[in-house]
Structure formats: C-alpha cells, structure tokens
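Encoded as structure tokens, the structure appears first; notes follow it.
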Amino acid sequence: MIRFASHPGLVAYLTIGDPDLATSHEIALAALDAGADVLELGVPFSDPVADGPVIQRASERAVRNGTRLSDVLALAAELRRERAQAGLIIFSYFNPILHYGLEEFCAAAEQAGVDGVLVTDMIVEEADDYLGAMHRHHLAPIFLAAPTSPDARLERIAAASEGFVYAISRTGITGTRAALESDAEQVVRRLRRFTRLPIAVGFGISNPEHFAAVGEFADAAVIGSALVATIEQAGRADAPSSIARFIRGLRGAAVPAR
Amino acid sequence: MATAIANRVAGRFGPYGGRYVPETLVAALDELEHAYAEAQADPDFHLKLDALLRDFAGRPTPLYFAARLTEWLGGAKIYLKREDLLHTGAHKINNCLGQALLALRMGKKRIIAETGAGQHGVATATVCALFGLDCVVYMGEEDMRRQELNVFRMKLLGAEVRGVSSGSRTLKDAINEAMRDWVTNVRTTHYLLGSVLGAHPYPTMVRDFHRVIGREARQQILEKENRLPTAVVACVGGGSNAIGAFYEFIPDKEVRLIGVEAGGRGPALGEHAARFSGGSPGVLQGTYSWVLQDDAGQIALTHSVSAGLDYPSIGPEHAALHDSGRAEYTSVTDADALDATLRLARTEGIIPALESAHAVAECIRLAPTLSPRDVVLVNVSGRGDKDMGILTRELRLTGGEPKK
C-alpha cells in the first residue's frame, strides 16, 4: 500500500540483484523495518541512460549475475507475504517490460501484490497502452515530473499518476550531490497546483539534512544512489544492517515506532 | 513476447519510433521539434544550408560509373554515389550543418555528440569550429582505439573527446553517455545526434538532412542512364546514409532498396550487428525499433569490424521499411567487407570506409546475378582513410601480398 506514515515519507530505491537476489531480499526487509514507507524495486537494465555511475555499476552487477524482471516480480511476491502493509513499486526501464509483454507484466505484478509501477523512459504521450494495462490490473502508474516540464505537462503528469508523483529535484542523472538544488522546491510548488496526490522528491538526496529539507516542501523523499552506494561499500554480509542504519539515521529521532 | 505498439503520435513510422526518454528531456525535444518546423518553413534557412552544403561541404557529390568493377563482375552496371568525397570524408556533414544551424537558431552554444567510427564526431567538431560553438564528443574507448585518426582530427578541430568505458565501449555506450550529459545540461546544450535514431524528432529530422543524397542520385542516374536503378544499396548502422539514399526512391516501386547490416564474425548473438536477422522489436535510447537483445530484454553486445555499424538497434524508419517489405535488409561479414575494400581500391582507385565496404560487398554479390541492362547504385557513404590502421593489420599490407 502506498501510504506515507510519517513526515516526510521515505521511498527507498534498490537495484534488485545487487549484489545478489538473496541479499536484495534481506536488504528490502531491513529497509522496510527501518522505516521506509515505499520500496522501489529496481529492475536492472543494460543501458540505464537516466542513471549516474553508482546505479550504473549496480545495474551492471545485477545484469551480469542474471537478474531478470521475473526475479524482481518473485521477490515482490515474497515481500508482500512478509510485509502486508509495505508499499511496493516496480521501477524499470521500458524494454524489459516490453519484452516480458506489457499485459503479462501487469498481470504478474498484480498477482505478486505490487502497488505501482514507475517506468523511467515512459512519458505521458506514449502511455495509452501502458495506462490501459495498468488500470486493468489495478496498479498505480507513477510518472516523473521534471524541473524542465512546463505547467501543461505537469498537469498531464499529475492527472495520469496514482499513488504519488515523483518530482525530479534537478536536471540530470541519478546520484548524490552535496547540496539540494533549488529546482526541487519550485517543481513541487508548480506540481501542487495540479494534484492532491503526495509528491515525492528524488535525485541527489543523500543525508538527514537533505531529507529534512525536502520535508519542508514535499510529502516524501526518494533515496536511491545513496542506498545503492552504501550496499556497494558494505558487502554482502553487512549490507542489510548498513541500510537499516542509514535509513534510521535519515529519520533521526522523528520516526514514530512502528 | 514483445508487445505491439500502436501508431498514434508524430514521429511514428508504422508502429516504430516515438519518444521513450526521461521526462527531463521532453521540453528540449519539443523545442527542437518546433525550431526544426520553423526552419523548414523559412526560406532563409534553406538558402544558408544549401550554400554551406555547396561551398563548404562540396555538394553535389558525383555519381560515378564504376567501369572496371562492372566489367570484373560481369553483370549489372554499377554506379557509385560519392559521399566519400564530401568535406570531412563522409555523408555525416549533411546532418551536422543542418543541426548546427538549428542550434544557432535556438541560441544553444554548447554541442554534444556521440560517435562510433568518428566520422560524425569529426563532422560535428568541424561545424562547431565553423560556427564557434563548444563541442564535446563521446566515443567508446574501443572505438577511440580503432579509429584513432579521427580522435586526433576532432582534437585538432578543438573538440573535447570524452572516452566511454562502459558496456562494450562502442557506439551504444557513447550514446548513453551523451544522453546523460544532455539530461544534465539540457538548458544550454544541443545534442547533435548523428543518425536516424533516438527520440522524435531526430529520426525524421536527420533523414531530411540526408535526403539530398537520394535527390541528387535520382536525378543523376536519370541523366546518365535515362532510367531508374534496379537497386540502391547502402550500409545500415543507425541508418542515416541508407535512409538518405533510399528516401527519394521509395515511391519508385520498381527500385529495390537494399540495406546492408554488419554480419561481423558470424550469426551468434554478440558476434554481429544484424538486427533484422538476430533481433526483435524493443526500445533503446528513446525509440522503438528492432533491437538485438537477450531473452530478458537486456541489450546484447555487438561486433563489427566497422565501428559505424557496430550498434544493437536500427533507425525506426528502417524497421517500418523492413516490415512493409519496401526495403530488403541483408548482412555482410567482416571478411567480405574487407575483401570488398580491397576490390574497390584495386579496380576503381577508391578506398571506401569499412562501413561503406559492406554496401560494396553486397553489390559484388548482387551484380553478377543481374543482366547488363540492370543498374546498381551503391552509396559510398565515406572514405577509408580513417581505417588504415585496421586495414593494414587485417590485410597484412606490410607482409607482402595482401591476404585474400
């Protein structure tokens, strides 16, 4: 279920299959138990054009060890059995989904108990078939809104999205930055005029200061590269506990008991 | 199995094409589409572009009757469209001049590009020098190694060449990196994409800038032979020279259009870049087309001796021409392309680029099966100077008689 229990909400992105499927499973549980409201289960892709070096490397490792979209769906089903209330989103480039079959993918995602889907390279103009399949299978389509999107596009993006809208904090690829860009607040403010859905801000959020700053103007923050880098540095055995520590650190003392 | 995608928005060729990009880029693609539409309607734009194509690039290029090659093959008459004679050494300059004028109209002073063989990179560096624009070219490290001469040319022209070490370190990876640069610097930067690939409007716009190849060739063959060719043959990486050569002939149903893909070392996935024999429809780098991919939808590695054909997808308009049957697509191995290079060099005194040599190789296969009343028109898209390192090695030029 996509629901932000505390403020700001926390969306955690993981590249599934990095370092391996079993460890991704443990990391996912650790992230949820440490206070992530929603998990973005990242499907590794050979050509992640929207991603910076950290997620590129993770994708490369996951592709190399053979992680497939069907593995990510199977993991989602297990997570759903283990954590009934968790928000679960499949996060992918379009080609693996297209190759699986759009309708087949949506049916399998619904079956697995997935809440929503975010496709990095799917824009609203191209989304008719995609939205049809999503709706038939009761999945929330989540679209990206960018600082460069004019208001008319933001309106369409807001109208097509369910669950939440993902506002990109800056022009660029995924990855951490020292400072949070001023673009972020503006795009959220513009987007707010078109939707009552929660707005999550992502790209470049890597520490408690950023996290708290996003809470000032948005409903949730997406943490991606910072988590993936933590996993890369921690190694298999320590990755789940490192992720739990990182997420608790973001929340600080503000997180309510769950 | 792959899902069919319906034809509904601008920039579709049958089901192919479209825009599959991060949201951040959409505004820039819209801006480019509008700037291009305005330029198309502006006589001044065409005057400027035509003058540059004539006086700077060297158009029109000759249509040359290859008498000795024709005689040797003993079949159809062979004509060569000499895009290799253009300034910078390949057809790529046609598109670069057009897009540079658009960048100036949009007020964008920084240009980025990808390059495989380096011909598009050199043409981009050239137009940036000509117009005083900042230029960054992304190039796979494998391609920098095998097309080193073009790296030096770009640097001499003032461009910054950024090596790309991801994936197979070739053209696909250079495009990924250029897209990442563009998504970051989109407000100030024009992405001067070098083939009929990527998101709308690129496949249409780049095709239009290369239509001049077929327009000239059609008129020239009518003047010389008073008839249309039996076949037009061109190599296909992304497919820009091929679509440029084919486009004006599409309504001439009796003219066969033959695209030649890279057959590499053989038919196993990863050993070639023949999308229509080893691929299936998919989305890569902004467009829906035929793609070499594995059974999980991961993009496959490719191989070709020619860096310009070494790419896992193909322009979406070619995908539509393939599916409709209007154009035929075949492939030629590395070995046959090398043989064709040698053959053209020694019968006509023309050293083709290894990319173009694939088209020559198909012509060598085709012409003897036709009659002397037939005419085959081959687009020699570029010259082989850049390939001297590979040719020296592969043909053992220093070791005595070249290997057959």
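Labels for the structure tokens follow display order: chains A, B, ..., residues from 1 in each chain, ligands from 1.
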
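Close contacts of His210 (chain B), defined as residues with an atom at most 9 Å away when counting only C-alpha atoms, with chain neighbours fewer than 2 positions off set aside, comprise His91, Lys92, Asn94, Asn95, Met205, Val206, Arg207, Asp208, Val212, Ile213, Gly214, Ser240, Asn241, Ala242, Ile243, Gly244, Ala245 and Tyr247 of chain B.
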
Selection file, N, CA and C atoms, as a PDB file, in the first residue's frame:
ATOM      1  N   HIS B  91      29.149  11.226 -45.432  1.00  0.00           N
ATOM      2  CA  HIS B  91      27.860  11.916 -45.545  1.00  0.00           C
ATOM      3  C   HIS B  91      27.482  12.681 -44.295  1.00  0.00           C
ATOM      4  N   LYS B  92      28.083  12.358 -43.152  1.00  0.00           N
ATOM      5  CA  LYS B  92      27.653  12.907 -41.852  1.00  0.00           C
ATOM      6  C   LYS B  92      27.571  14.435 -41.831  1.00  0.00           C
ATOM      7  N   ASN B  94      26.292  16.459 -43.873  1.00  0.00           N
ATOM      8  CA  ASN B  94      24.980  16.972 -44.301  1.00  0.00           C
ATOM      9  C   ASN B  94      24.113  17.313 -43.090  1.00  0.00           C
ATOM     10  N   ASN B  95      24.031  16.352 -42.184  1.00  0.00           N
ATOM     11  CA  ASN B  95      23.208  16.491 -40.988  1.00  0.00           C
ATOM     12  C   ASN B  95      23.809  17.471 -39.996  1.00  0.00           C
ATOM     13  N   MET B 205      14.151  14.309 -38.661  1.00  0.00           N
ATOM     14  CA  MET B 205      14.986  15.468 -38.974  1.00  0.00           C
ATOM     15  C   MET B 205      16.310  15.044 -39.629  1.00  0.00           C
ATOM     16  N   VAL B 206      16.959  14.044 -39.053  1.00  0.00           N
ATOM     17  CA  VAL B 206      18.246  13.601 -39.606  1.00  0.00           C
ATOM     18  C   VAL B 206      18.031  13.009 -41.005  1.00  0.00           C
ATOM     19  N   ARG B 207      16.938  12.284 -41.179  1.00  0.00           N
ATOM     20  CA  ARG B 207      16.612  11.777 -42.522  1.00  0.00           C
ATOM     21  C   ARG B 207      16.483  12.931 -43.509  1.00  0.00           C
ATOM     22  N   ASP B 208      15.749  13.953 -43.117  1.00  0.00           N
ATOM     23  CA  ASP B 208      15.527  15.079 -44.032  1.00  0.00           C
ATOM     24  C   ASP B 208      16.844  15.748 -44.438  1.00  0.00           C
ATOM     25  N   VAL B 212      19.067  14.731 -49.450  1.00  0.00           N
ATOM     26  CA  VAL B 212      19.800  15.290 -50.581  1.00  0.00           C
ATOM     27  C   VAL B 212      20.603  14.214 -51.324  1.00  0.00           C
ATOM     28  N   ILE B 213      21.034  13.174 -50.617  1.00  0.00           N
ATOM     29  CA  ILE B 213      21.818  12.106 -51.266  1.00  0.00           C
ATOM     30  C   ILE B 213      20.980  11.449 -52.362  1.00  0.00           C
ATOM     31  N   GLY B 214      19.784  11.009 -51.999  1.00  0.00           N
ATOM     32  CA  GLY B 214      18.921  10.324 -52.954  1.00  0.00           C
ATOM     33  C   GLY B 214      18.353  11.272 -54.010  1.00  0.00           C
ATOM     34  N   SER B 240      21.585   6.313 -41.313  1.00  0.00           N
ATOM     35  CA  SER B 240      21.373   7.659 -41.869  1.00  0.00           C
ATOM     36  C   SER B 240      21.744   7.752 -43.348  1.00  0.00           C
ATOM     37  N   ASN B 241      22.876   7.143 -43.743  1.00  0.00           N
ATOM     38  CA  ASN B 241      23.217   7.254 -45.173  1.00  0.00           C
ATOM     39  C   ASN B 241      22.226   6.447 -45.998  1.00  0.00           C
ATOM     40  N   ALA B 242      21.771   5.313 -45.450  1.00  0.00           N
ATOM     41  CA  ALA B 242      20.845   4.461 -46.188  1.00  0.00           C
ATOM     42  C   ALA B 242      19.495   5.155 -46.375  1.00  0.00           C
ATOM     43  N   ILE B 243      18.971   5.756 -45.303  1.00  0.00           N
ATOM     44  CA  ILE B 243      17.660   6.394 -45.460  1.00  0.00           C
ATOM     45  C   ILE B 243      17.787   7.585 -46.400  1.00  0.00           C
ATOM     46  N   GLY B 244      18.940   8.289 -46.330  1.00  0.00           N
ATOM     47  CA  GLY B 244      19.168   9.406 -47.245  1.00  0.00           C
ATOM     48  C   GLY B 244      19.207   8.949 -48.690  1.00  0.00           C
ATOM     49  N   ALA B 245      19.844   7.809 -48.928  1.00  0.00           N
ATOM     50  CA  ALA B 245      19.939   7.277 -50.292  1.00  0.00           C
ATOM     51  C   ALA B 245      18.599   6.711 -50.759  1.00  0.00           C
ATOM     52  N   TYR B 247      15.368   7.406 -49.627  1.00  0.00           N
ATOM     53  CA  TYR B 247      14.090   8.079 -49.393  1.00  0.00           C
ATOM     54  C   TYR B 247      13.390   8.535 -50.672  1.00  0.00           C
TER      55      TYR B 247
END

**OP:** Identify, on the basis of only C-alpha atoms, every residue whose closest approach to Asp183 (chain A) does not exceed 7 Å; exclude the query and any residue fewer than 3 positions from it along the same chain; express the result as a ChimeraX atom specification.
**Re:** /A:147,169-170,186-187

**OP:** Extract the full set of helix (DSSP H, G or I) residues from region 10-138 of chain A according to DSSP on the backbone, and format it as a PyMOL selection string.
**Re:** chain A and resi 21-34+53-64+69-82+94-100+102-112+124-126+128-136

**OP:** Could the residues of chain A within 7 Å of chain B, counting only C-alpha atoms, be given as a list in words, please?
**Re:** Phe45, Ser46, Asp47, Val49, Ala50, Arg68, Phe94, Asn95, Pro96, Leu98, His99, Tyr100, Gly101, Leu102, Thr120, Asp121, Met122, Ile123, Leu144, Ala145, Ala146, Thr148, Ser149, Thr171, Gly172 and Ile173 of chain A

Tell me, as a PDB file with N, CA, C and O atoms, in the first residue's frame, which residues lie within 12 Å of Glu394 (chain B), counting only C-alpha atoms; anything in the same chain fewer than 6 positions away does not count.
ATOM      1  N   VAL B 305      33.676  -5.222 -37.593  1.00  0.00           N
ATOM      2  CA  VAL B 305      34.984  -4.635 -37.884  1.00  0.00           C
ATOM      3  C   VAL B 305      34.836  -3.136 -38.124  1.00  0.00           C
ATOM      4  O   VAL B 305      35.774  -2.373 -37.940  1.00  0.00           O
ATOM      5  N   ASP B 334      32.528  -9.421 -41.704  1.00  0.00           N
ATOM      6  CA  ASP B 334      33.775  -8.641 -41.643  1.00  0.00           C
ATOM      7  C   ASP B 334      34.689  -9.003 -42.815  1.00  0.00           C
ATOM      8  O   ASP B 334      35.242  -8.122 -43.489  1.00  0.00           O
ATOM      9  N   ALA B 335      34.845 -10.304 -43.036  1.00  0.00           N
ATOM     10  CA  ALA B 335      35.792 -10.768 -44.054  1.00  0.00           C
ATOM     11  C   ALA B 335      35.379 -10.278 -45.437  1.00  0.00           C
ATOM     12  O   ALA B 335      36.220  -9.818 -46.223  1.00  0.00           O
ATOM     13  N   ASP B 336      34.070 -10.368 -45.738  1.00  0.00           N
ATOM     14  CA  ASP B 336      33.613  -9.928 -47.058  1.00  0.00           C
ATOM     15  C   ASP B 336      33.737  -8.407 -47.217  1.00  0.00           C
ATOM     16  O   ASP B 336      34.004  -7.912 -48.315  1.00  0.00           O
ATOM     17  N   ALA B 337      33.550  -7.683 -46.139  1.00  0.00           N
ATOM     18  CA  ALA B 337      33.713  -6.224 -46.213  1.00  0.00           C
ATOM     19  C   ALA B 337      35.166  -5.859 -46.477  1.00  0.00           C
ATOM     20  O   ALA B 337      35.461  -4.934 -47.250  1.00  0.00           O
ATOM     21  N   LEU B 338      36.065  -6.584 -45.841  1.00  0.00           N
ATOM     22  CA  LEU B 338      37.500  -6.330 -46.072  1.00  0.00           C
ATOM     23  C   LEU B 338      37.879  -6.659 -47.513  1.00  0.00           C
ATOM     24  O   LEU B 338      38.596  -5.897 -48.166  1.00  0.00           O
ATOM     25  N   ASP B 339      37.372  -7.786 -48.023  1.00  0.00           N
ATOM     26  CA  ASP B 339      37.619  -8.137 -49.426  1.00  0.00           C
ATOM     27  C   ASP B 339      37.094  -7.056 -50.366  1.00  0.00           C
ATOM     28  O   ASP B 339      37.743  -6.701 -51.352  1.00  0.00           O
ATOM     29  N   THR B 341      36.678  -3.939 -49.762  1.00  0.00           N
ATOM     30  CA  THR B 341      37.518  -2.742 -49.667  1.00  0.00           C
ATOM     31  C   THR B 341      38.690  -2.852 -50.649  1.00  0.00           C
ATOM     32  O   THR B 341      38.976  -1.932 -51.424  1.00  0.00           O
ATOM     33  N   LEU B 342      39.313  -4.017 -50.591  1.00  0.00           N
ATOM     34  CA  LEU B 342      40.458  -4.256 -51.456  1.00  0.00           C
ATOM     35  C   LEU B 342      40.042  -4.227 -52.927  1.00  0.00           C
ATOM     36  O   LEU B 342      40.715  -3.653 -53.786  1.00  0.00           O
ATOM     37  N   LEU B 354      35.157   1.261 -44.045  1.00  0.00           N
ATOM     38  CA  LEU B 354      34.750  -0.127 -43.795  1.00  0.00           C
ATOM     39  C   LEU B 354      33.227  -0.259 -43.724  1.00  0.00           C
ATOM     40  O   LEU B 354      32.670  -1.299 -44.088  1.00  0.00           O
ATOM     41  N   ASP B 387      40.415   4.157 -41.654  1.00  0.00           N
ATOM     42  CA  ASP B 387      40.540   2.727 -41.372  1.00  0.00           C
ATOM     43  C   ASP B 387      41.907   2.159 -41.705  1.00  0.00           C
ATOM     44  O   ASP B 387      42.094   0.942 -41.656  1.00  0.00           O
ATOM     45  N   MET B 388      42.862   3.015 -42.040  1.00  0.00           N
ATOM     46  CA  MET B 388      44.156   2.496 -42.492  1.00  0.00           C
ATOM     47  C   MET B 388      44.811   1.595 -41.450  1.00  0.00           C
ATOM     48  O   MET B 388      45.461   0.598 -41.808  1.00  0.00           O
ATOM     49  N   PRO B 402      48.635  -8.933 -50.092  1.00  0.00           N
ATOM     50  CA  PRO B 402      47.517  -8.938 -49.144  1.00  0.00           C
ATOM     51  C   PRO B 402      46.790 -10.279 -49.114  1.00  0.00           C
ATOM     52  O   PRO B 402      46.657 -10.939 -50.136  1.00  0.00           O
ATOM     53  N   LYS B 403      46.338 -10.623 -47.912  1.00  0.00           N
ATOM     54  CA  LYS B 403      45.548 -11.836 -47.714  1.00  0.00           C
ATOM     55  C   LYS B 403      44.220 -11.717 -48.453  1.00  0.00           C
ATOM     56  O   LYS B 403      43.571 -10.687 -48.395  1.00  0.00           O
ATOM     57  N   LYS B 404      43.828 -12.747 -49.136  1.00  0.00           N
ATOM     58  CA  LYS B 404      42.512 -12.716 -49.811  1.00  0.00           C
ATOM     59  C   LYS B 404      41.401 -13.085 -48.844  1.00  0.00           C
ATOM     60  O   LYS B 404      41.530 -13.964 -48.031  1.00  0.00           O
TER      61      LYS B 404
END

Subject >> Nearest to Arg68 (chain B) by atom-to-atom distance, counting only C-alpha atoms, from B:Glu348, B:Glu328, B:Asp385, B:Asp84 >> reply: B:Glu348

**OP:** From a DSSP calculation on the backbone, collect every residue of region 114-205 of chain B in strand (DSSP E or B) and output the set as number ranges by chain.
**Re:** B: 114-115, 134-140, 160-164, 189-191

**OP:** Write out as a PyMOL selection string each polymer residue whose atoms come within 12 Å of Lys48 (chain B), counting only C-alpha atoms; drop sequence neighbours fewer than 3 positions from it.
**Re:** chain B and resi 39-40+42-45+51-56+97-98+100-102

If you keep N, CA and C atoms, can you produce a file of those selected residues as a PDB file, in the first residue's frame?
ATOM      1  N   ALA B  39      12.241  26.310 -39.060  1.00  0.00           N
ATOM      2  CA  ALA B  39      13.340  26.405 -40.026  1.00  0.00           C
ATOM      3  C   ALA B  39      12.915  25.845 -41.382  1.00  0.00           C
ATOM      4  N   GLN B  40      12.170  24.748 -41.342  1.00  0.00           N
ATOM      5  CA  GLN B  40      11.705  24.134 -42.583  1.00  0.00           C
ATOM      6  C   GLN B  40      10.858  25.098 -43.397  1.00  0.00           C
ATOM      7  N   ASP B  42      11.216  28.319 -43.374  1.00  0.00           N
ATOM      8  CA  ASP B  42      11.923  29.590 -43.529  1.00  0.00           C
ATOM      9  C   ASP B  42      12.874  29.503 -44.732  1.00  0.00           C
ATOM     10  N   PRO B  43      12.584  30.223 -45.806  1.00  0.00           N
ATOM     11  CA  PRO B  43      13.443  30.157 -46.999  1.00  0.00           C
ATOM     12  C   PRO B  43      14.893  30.518 -46.690  1.00  0.00           C
ATOM     13  N   ASP B  44      15.095  31.399 -45.736  1.00  0.00           N
ATOM     14  CA  ASP B  44      16.446  31.819 -45.383  1.00  0.00           C
ATOM     15  C   ASP B  44      17.275  30.654 -44.837  1.00  0.00           C
ATOM     16  N   PHE B  45      16.620  29.783 -44.053  1.00  0.00           N
ATOM     17  CA  PHE B  45      17.310  28.606 -43.524  1.00  0.00           C
ATOM     18  C   PHE B  45      17.805  27.735 -44.673  1.00  0.00           C
ATOM     19  N   ALA B  51      23.815  26.761 -49.333  1.00  0.00           N
ATOM     20  CA  ALA B  51      25.097  27.404 -49.628  1.00  0.00           C
ATOM     21  C   ALA B  51      26.239  26.687 -48.910  1.00  0.00           C
ATOM     22  N   LEU B  52      25.998  26.308 -47.659  1.00  0.00           N
ATOM     23  CA  LEU B  52      27.031  25.576 -46.907  1.00  0.00           C
ATOM     24  C   LEU B  52      27.287  24.204 -47.512  1.00  0.00           C
ATOM     25  N   LEU B  53      26.229  23.525 -47.893  1.00  0.00           N
ATOM     26  CA  LEU B  53      26.389  22.197 -48.494  1.00  0.00           C
ATOM     27  C   LEU B  53      27.193  22.301 -49.792  1.00  0.00           C
ATOM     28  N   ARG B  54      26.958  23.356 -50.535  1.00  0.00           N
ATOM     29  CA  ARG B  54      27.651  23.546 -51.815  1.00  0.00           C
ATOM     30  C   ARG B  54      29.096  24.002 -51.595  1.00  0.00           C
ATOM     31  N   ASP B  55      29.254  25.110 -50.874  1.00  0.00           N
ATOM     32  CA  ASP B  55      30.547  25.784 -50.829  1.00  0.00           C
ATOM     33  C   ASP B  55      31.478  25.238 -49.753  1.00  0.00           C
ATOM     34  N   PHE B  56      30.911  24.716 -48.690  1.00  0.00           N
ATOM     35  CA  PHE B  56      31.742  24.216 -47.587  1.00  0.00           C
ATOM     36  C   PHE B  56      31.911  22.699 -47.674  1.00  0.00           C
ATOM     37  N   LEU B  97      25.680  20.136 -40.533  1.00  0.00           N
ATOM     38  CA  LEU B  97      25.455  21.533 -40.936  1.00  0.00           C
ATOM     39  C   LEU B  97      24.015  21.936 -40.612  1.00  0.00           C
ATOM     40  N   GLY B  98      23.077  21.066 -40.919  1.00  0.00           N
ATOM     41  CA  GLY B  98      21.666  21.372 -40.639  1.00  0.00           C
ATOM     42  C   GLY B  98      21.401  21.577 -39.163  1.00  0.00           C
ATOM     43  N   ALA B 100      23.564  22.224 -36.784  1.00  0.00           N
ATOM     44  CA  ALA B 100      24.303  23.372 -36.226  1.00  0.00           C
ATOM     45  C   ALA B 100      23.533  24.663 -36.468  1.00  0.00           C
ATOM     46  N   LEU B 101      22.945  24.794 -37.669  1.00  0.00           N
ATOM     47  CA  LEU B 101      22.126  25.986 -37.932  1.00  0.00           C
ATOM     48  C   LEU B 101      20.927  26.031 -36.981  1.00  0.00           C
ATOM     49  N   LEU B 102      20.350  24.870 -36.686  1.00  0.00           N
ATOM     50  CA  LEU B 102      19.231  24.841 -35.731  1.00  0.00           C
ATOM     51  C   LEU B 102      19.687  25.247 -34.329  1.00  0.00           C
TER      52      LEU B 102
END

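Across B:Asp310, B:Glu83, B:Asp50, B:Glu148, the tightest approach to Val378 (chain B) is made by B:Glu83 when counting only C-alpha atoms.
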
Subject >> Selection: 10 Å around Phe249 (chain B), only C-alpha atoms, excl. self and same-chain fewer than 2 positions, as a PyMOL selection string >> reply: chain B and resi 214-215+217-218+228-229+231-232+243-247+251-257

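Picture a line from CA of Gly58 (chain B) to CA of Leu86 (chain B); it runs 5.5 Å.
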
Subject >> Test item: residues at most 12 Å from Leu69 (chain B), only C-alpha atoms, excluding those fewer than 3 positions along its chain, as an MDAnalysis selection string >> reply: chainID B and resid 64:66 72:80 340 342:350 360:361 363:364 367:368 376 378

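Take the candidates B:Gln119, B:Thr126, B:Ser371, B:Ser306 and check each one against Leu156 (chain B) using only C-alpha atoms; the shortest distance goes to B:Thr126.
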
Original post:
Near region 15-23 of chain A, within 9 Å and counting only C-alpha atoms, which residues show up once chain neighbours fewer than 5 positions away are dropped, as an MDAnalysis selection string?
Top reply: chainID A and resid 28 40:44 55 58:63 65:68 71:72 75 91 224 228 231:232 235:237 239:240
